[in-house]
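What follows is the content of data.cif, which has mmCIF, C-alpha atoms:
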```cif
data_upload
loop_
_atom_site.label_atom_id
_atom_site.label_comp_id
_atom_site.auth_asym_id
_atom_site.auth_seq_id
_atom_site.Cartn_x
_atom_site.Cartn_y
_atom_site.Cartn_z
CA MET A 1 0.00 0.00 0.00
CA MET A 2 2.82 2.40 0.90
CA LEU A 3 4.60 1.55 -2.35
CA HIS A 4 1.38 2.30 -4.26
CA SER A 5 1.06 5.72 -2.53
CA ALA A 6 4.71 6.57 -3.19
CA LEU A 7 4.32 5.60 -6.85
CA ALA A 8 1.15 7.71 -7.18
CA LEU A 9 2.85 10.68 -5.51
CA SER A 10 5.90 10.35 -7.78
CA LEU A 11 3.68 10.23 -10.83
CA LEU A 12 1.80 13.31 -9.65
CA PHE A 13 5.08 15.15 -9.00
CA ILE A 14 6.42 14.31 -12.47
CA THR A 15 3.18 15.45 -14.14
CA VAL A 16 3.10 18.76 -12.24
CA SER A 17 6.82 19.37 -12.93
CA PHE A 18 6.33 18.66 -16.62
CA GLN A 19 3.33 21.03 -16.88
CA LEU A 20 5.24 23.74 -15.00
CA ALA A 21 8.24 23.35 -17.32
CA ILE A 22 6.00 23.77 -20.38
CA LYS A 23 4.37 26.87 -18.86
CA ILE A 24 7.77 28.45 -18.04
CA LYS A 25 9.07 27.71 -21.53
CA LYS A 26 6.01 29.37 -23.09
CA GLU A 27 6.38 32.44 -20.85
CA LYS A 28 10.07 32.90 -21.75
CA LYS A 29 9.31 33.19 -25.45
CA SER A 30 8.53 36.78 -26.28
CA PRO A 31 6.02 37.16 -29.07
CA GLN A 32 7.55 37.76 -32.48
CA THR A 33 6.24 41.08 -33.73
CA LEU A 34 6.78 42.83 -37.02
CA SER A 35 9.14 45.21 -35.22
CA ARG A 36 11.75 42.46 -34.78
CA GLY A 37 13.30 44.70 -32.10
CA TRP A 38 13.49 47.91 -34.17
CA GLY A 39 10.74 49.64 -32.17
CA ASP A 40 7.69 48.04 -30.61
CA ASP A 41 5.69 51.29 -30.53
CA ILE A 42 6.02 51.76 -34.28
CA THR A 43 3.33 50.45 -36.61
CA TRP A 44 5.15 48.16 -39.05
CA VAL A 45 3.83 46.92 -42.38
CA GLN A 46 4.39 43.28 -43.27
CA THR A 47 5.33 43.46 -46.96
CA TYR A 48 6.91 45.86 -49.42
CA GLU A 49 3.69 45.94 -51.43
CA GLU A 50 1.69 46.86 -48.31
CA GLY A 51 4.24 49.57 -47.54
CA LEU A 52 3.92 51.07 -51.03
CA PHE A 53 0.13 51.05 -50.76
CA HIS A 54 0.14 52.88 -47.40
CA ALA A 55 2.86 55.34 -48.47
CA HIS A 56 0.78 56.38 -51.47
CA LYS A 57 -2.55 56.38 -49.64
CA ARG A 58 -1.35 58.28 -46.56
CA ASN A 59 1.16 60.52 -48.39
CA LYS A 60 4.06 59.45 -46.17
CA PRO A 61 7.50 58.19 -47.13
CA LEU A 62 8.22 54.48 -46.76
CA MET A 63 11.40 53.62 -44.86
CA VAL A 64 12.72 50.16 -45.73
CA ILE A 65 15.30 48.61 -43.40
CA HIS A 66 17.09 45.55 -44.81
CA HIS A 67 18.77 43.52 -42.06
CA LEU A 68 19.62 40.01 -40.88
CA GLU A 69 19.24 38.49 -37.42
CA ASN A 70 22.69 36.89 -37.51
CA CYS A 71 24.51 40.04 -38.70
CA GLN A 72 26.45 41.85 -35.97
CA TYR A 73 26.22 45.16 -37.88
CA SER A 74 22.44 44.87 -38.23
CA GLN A 75 22.13 44.03 -34.54
CA ALA A 76 24.29 46.98 -33.48
CA LEU A 77 22.27 49.40 -35.63
CA LYS A 78 18.97 47.93 -34.42
CA LYS A 79 19.95 48.47 -30.79
CA VAL A 80 20.71 52.20 -31.16
CA PHE A 81 17.79 52.72 -33.58
CA ALA A 82 15.35 51.28 -31.03
CA GLN A 83 16.81 53.39 -28.21
CA ASN A 84 16.86 56.73 -30.05
CA GLU A 85 13.77 58.74 -29.09
CA GLU A 86 13.92 61.14 -32.04
CA ILE A 87 14.13 58.31 -34.59
CA GLN A 88 11.38 56.35 -32.85
CA GLU A 89 9.08 59.40 -32.74
CA MET A 90 9.64 60.25 -36.43
CA ALA A 91 9.24 56.62 -37.48
CA GLN A 92 6.05 56.31 -35.46
CA ASN A 93 4.40 59.51 -36.71
CA ASN A 94 5.82 60.43 -40.10
CA PHE A 95 6.79 57.25 -41.93
CA ILE A 96 5.39 53.98 -43.18
CA MET A 97 7.87 51.51 -41.69
CA LEU A 98 9.07 48.14 -43.02
CA ASN A 99 11.96 45.97 -41.94
CA LEU A 100 12.93 43.06 -44.15
CA MET A 101 15.20 40.08 -43.68
CA HIS A 102 14.98 39.17 -47.39
CA GLU A 103 15.30 41.03 -50.67
CA THR A 104 12.33 42.30 -52.66
CA ASN A 105 11.77 41.99 -56.40
CA ASP A 106 12.28 45.75 -56.74
CA LYS A 107 15.89 46.12 -57.93
CA ASN A 108 15.62 49.87 -57.20
CA LEU A 109 15.98 48.98 -53.51
CA SER A 110 19.50 47.67 -54.11
CA PRO A 111 21.09 50.21 -56.48
CA ASP A 112 24.60 49.49 -55.22
CA GLY A 113 24.19 45.85 -54.14
CA GLN A 114 22.38 43.62 -51.70
CA TYR A 115 24.04 44.16 -48.32
CA VAL A 116 22.84 44.67 -44.77
CA PRO A 117 22.10 46.78 -42.94
CA ARG A 118 20.68 48.96 -45.69
CA ILE A 119 18.05 51.70 -45.31
CA MET A 120 16.19 53.05 -48.32
CA PHE A 121 13.41 55.63 -48.61
CA VAL A 122 10.49 55.52 -51.04
CA ASP A 123 8.37 58.62 -51.50
CA PRO A 124 4.54 58.63 -51.77
CA SER A 125 4.77 58.78 -55.58
CA LEU A 126 6.43 55.34 -55.16
CA THR A 127 9.84 56.55 -56.31
CA VAL A 128 12.83 54.98 -54.56
CA ARG A 129 14.93 57.90 -53.35
CA ALA A 130 18.40 56.73 -54.34
CA ASP A 131 19.54 60.32 -53.70
CA ILE A 132 19.14 59.91 -49.92
CA THR A 133 22.41 58.26 -48.92
CA GLY A 134 24.54 57.62 -45.86
CA LYS A 135 28.17 58.63 -45.58
CA TYR A 136 29.97 55.60 -47.06
CA SER A 137 30.92 55.65 -50.75
CA ASN A 138 31.30 51.87 -50.95
CA ARG A 139 27.88 51.18 -49.34
CA LEU A 140 25.71 54.22 -49.96
CA TYR A 141 22.70 53.13 -47.90
CA THR A 142 24.30 51.60 -44.83
CA TYR A 143 24.47 53.19 -41.41
CA GLU A 144 26.58 52.28 -38.40
CA PRO A 145 25.56 53.00 -34.78
CA GLN A 146 27.60 56.22 -34.70
CA ASP A 147 25.81 57.41 -37.88
CA LEU A 148 22.43 58.09 -36.25
CA PRO A 149 22.76 61.87 -36.77
CA VAL A 150 23.14 61.18 -40.53
CA LEU A 151 20.11 58.87 -40.47
CA ILE A 152 18.06 61.50 -38.62
CA GLN A 153 19.12 64.10 -41.21
CA ASN A 154 18.09 61.73 -44.00
CA MET A 155 14.71 61.01 -42.39
CA LYS A 156 14.10 64.78 -42.19
CA LYS A 157 15.27 65.14 -45.81
CA ALA A 158 12.76 62.47 -46.92
CA LEU A 159 10.01 64.45 -45.16
CA ARG A 160 11.15 67.80 -46.62
CA LEU A 161 11.22 66.36 -50.15
CA ILE A 162 7.56 65.41 -49.83
CA GLN A 163 6.61 68.92 -48.75
CA SER A 164 8.64 70.58 -51.49
CA GLU A 165 7.37 68.27 -54.23
CA LEU A 166 3.66 68.72 -53.45
#
```
Give the structure from the file, written as structure tokens.
Amino acid sequence: MMLHSALALSLLFITVSFQLAIKIKKEKKSPQTLSRGWGDDITWVQTYEEGLFHAHKRNKPLMVIHHLENCQYSQALKKVFAQNEEIQEMAQNNFIMLNLMHETNDKNLSPDGQYVPRIMFVDPSLTVRADITGKYSNRLYTYEPQDLPVLIQNMKKALRLIQSEL
């Protein structure tokens, strides 16, 4: 009888432990959002086509961030991008935002090659603004963490171009 009780208690303990382990594992996983860590308060579009539609409809520039999860340069830029209040505020209020971990069929988004991180702007007339570049001549559309002032300037330039071209 005592062996039967011990066996039943052991079985109960194993079941409870197993259920608890599953619950803990589920809680540890943060939900995968479209932000992918670039800014959870920003409304992100899911596809390039959706981004173009909203840019045209809402008369806002589309900002396309090409990146990879396993790229140290993408990760470094993502960290400072997500922490910069001015960038987050502009992205949230003035841009249609898209971050991609794959290339699109639009070759205009890779005028000087397919590298990451790469940030391109598309105006509401659906023109890729190849004239809005970073500071590197060998990778015109890349930004490093210390280049945030250049990125902020370029975001403001993308907004000014819309106003001046209306």
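Residue nearest Gln163 in chain A within the list A:Asp123, A:Ala82, A:Gly37, A:Ile42: A:Asp123 [criterion: smallest interatomic distance, all atoms listed in the file].
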message: Could you check the closest approach to Asn59 in chain A for each of A:Leu98, A:Ala91, A:Leu77, A:Leu126 and tell me which residue wins, using only C-alpha atoms?
response: A:Leu126
task: Enter the distance from CA of Gly51 in chain A to CA of Val64 in chain A, in Å, rounded to one decimal.
output: 8.7 Å
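For the choices A:Gln146, A:Thr33, A:Gln153, A:Asn93, the atom-to-atom distance to Leu62 in chain A is smallest for A:Asn93 when using all atoms listed in the file.
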- prompt: Nearest to Glu49 in chain A: which of A:His66, A:Asn84, A:Gln72, A:Asn105 is it, counting only C-alpha atoms?
  reply: A:Asn105
- request: Identify, on the basis of all atoms listed in the file, every residue whose closest approach to Asn94 in chain A does not exceed 9 Å; exclude the query and any residue fewer than 6 positions from it along the same chain; express the result as a PyMOL selection string.
  value: chain A and resi 60-61+159
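In this comparison, which uses all atoms listed in the file, the residue of A:Met63, A:Leu100, A:Val122, A:Val128 approaching Thr47 in chain A most closely is A:Leu100.
Between CA of Asn154 in chain A and CA of Thr133 in chain A lies a distance of 7.4 Å.
With CA of Asp41 in chain A on one side and CA of Met101 in chain A on the other, the separation reads 19.7 Å.
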- prompt: For Gln114 in chain A, which residue among A:Lys79, A:His102, A:Lys135, A:Lys57 is the nearest when counting all atoms listed in the file?
  reply: A:His102
